[in-house]
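Containing compact mmCIF, C-alpha atoms: start_9.txt.
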```txt
# COMPACT_ATOMS: atom_id res chain seq x y z
CA MET A 1 12.73 -7.18 -8.95
CA TYR A 2 10.10 -6.60 -6.25
CA ILE A 3 7.13 -4.26 -6.09
CA VAL A 4 4.65 -3.16 -3.45
CA ARG A 5 1.04 -4.23 -3.98
CA GLY A 6 -1.86 -2.89 -1.98
CA ARG A 7 -5.50 -3.70 -1.33
CA THR A 8 -7.97 -0.92 -0.68
CA VAL A 9 -10.72 -1.26 1.92
CA GLU A 10 -13.05 -1.98 -1.01
CA GLY A 11 -10.81 -4.90 -2.07
CA ASN A 12 -9.31 -3.27 -5.17
CA GLU A 13 -5.72 -4.08 -6.12
CA VAL A 14 -3.32 -1.13 -6.41
CA PHE A 15 0.43 -0.70 -6.80
CA TYR A 16 2.82 1.74 -5.15
CA THR A 17 4.33 4.06 -7.78
CA GLY A 18 6.84 6.06 -5.74
CA LYS A 19 5.19 9.30 -6.90
CA ALA A 20 4.01 12.08 -4.62
CA GLY A 21 0.44 12.98 -3.76
CA GLN A 22 -2.61 11.15 -5.09
CA ALA A 23 -0.45 9.43 -7.73
CA PHE A 24 1.37 7.35 -5.06
CA ILE A 25 -0.77 4.37 -6.11
CA SER A 26 -2.02 3.12 -9.47
CA THR A 27 -4.27 0.31 -10.61
CA LEU A 28 -1.71 -0.43 -13.36
CA ARG A 29 1.03 -2.91 -12.38
CA GLY A 30 3.32 -1.45 -15.06
CA GLU A 31 3.42 1.89 -13.21
CA SER A 32 4.74 0.29 -10.01
CA PHE A 33 8.08 1.30 -8.52
CA GLY A 34 10.65 -1.49 -8.69
CA TYR A 35 12.98 -2.51 -5.87
CA THR A 36 16.12 -4.56 -6.34
CA SER A 37 15.66 -6.52 -3.13
CA GLN A 38 12.77 -8.03 -1.23
CA TRP A 39 14.00 -6.31 1.93
CA GLN A 40 13.66 -2.85 0.33
CA ALA A 41 10.12 -3.56 -0.86
CA GLN A 42 9.13 -4.98 2.53
CA ALA A 43 10.53 -1.92 4.31
CA ARG A 44 8.49 0.39 2.06
CA ALA A 45 5.32 -1.69 2.57
CA LYS A 46 5.84 -1.58 6.34
CA ASN A 47 6.26 2.20 6.24
CA LEU A 48 3.15 2.66 4.08
CA ASN A 49 1.13 0.40 6.37
CA CYS A 50 1.86 2.74 9.29
CA MET A 51 -0.45 5.19 7.49
CA SER A 52 -3.16 2.71 6.41
CA ASP A 53 -5.71 4.43 8.65
CA ILE A 54 -5.20 7.59 6.57
CA HIS A 55 -5.10 6.24 3.00
CA GLY A 56 -7.13 3.04 3.46
CA VAL A 57 -4.70 0.69 1.73
CA TRP A 58 -2.81 -2.33 3.13
CA PHE A 59 0.50 -3.13 1.35
CA ILE A 60 2.72 -6.19 0.87
CA ALA A 61 5.93 -6.78 -1.08
CA ILE A 62 5.73 -9.21 -4.00
CA PRO A 63 8.02 -10.32 -6.84
CA TYR A 64 7.34 -8.54 -10.10
```
Transcribe the structure of this file into structure tokens.
Amino acid sequence: MYIVRGRTVEGNEVFYTGKAGQAFISTLRGESFGYTSQWQAQARAKNLNCMSDIHGVWFIAIPY
């Protein structure tokens, strides 16, 4: 399984949850959304990074 981890501009680690609104990230790894392939997680990270200027987080795909 793969997840999407992010780093805020302050350097804090967060995880993509797949939820809407402010809850789209969490500091708890256990709340992260799981992907069955690395490609899926990388595609989501790439999409989220297109909006990094808005939310201030840079994402990468990692194994859970």
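Of the listed residues (A:Trp58, A:Thr8, A:Tyr64, A:Gly21), A:Tyr64 comes nearest to Gly34 (chain A); the distances count all atoms listed in the file.
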Kindly compute an axis-aligned box around the listed atoms of region 21-37 of chain A, allowing 8 Å on each side, and express its centre and edge lengths in Å to one decimal as lines of an AutoDock Vina configuration file.
```
center_x = 5.9
center_y = 3.2
center_z = -9.1
size_x = 36.4
size_y = 35.5
size_z = 27.9
```
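Shortest separation to Glu13 (chain A) among A:Leu48, A:Met1, A:Ala41, A:Ile60 occurs at residue A:Ile60, atoms counted being all atoms listed in the file.
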What gap, in Å, lies between CA of Ile54 (chain A) and CA of Thr36 (chain A)? 27.7 Å
One decimal place gives the CA of Phe33 (chain A)-CA of Val57 (chain A) separation as 16.4 Å
Which polymer residues, protein or nucleic acid, are no farther than 12 Å from (4.1, -3.6, -4.8), counting only C-alpha atoms, as a PyMOL selection string? chain A and resi 1-7+13-18+24-35+38+40-46+48+57-64
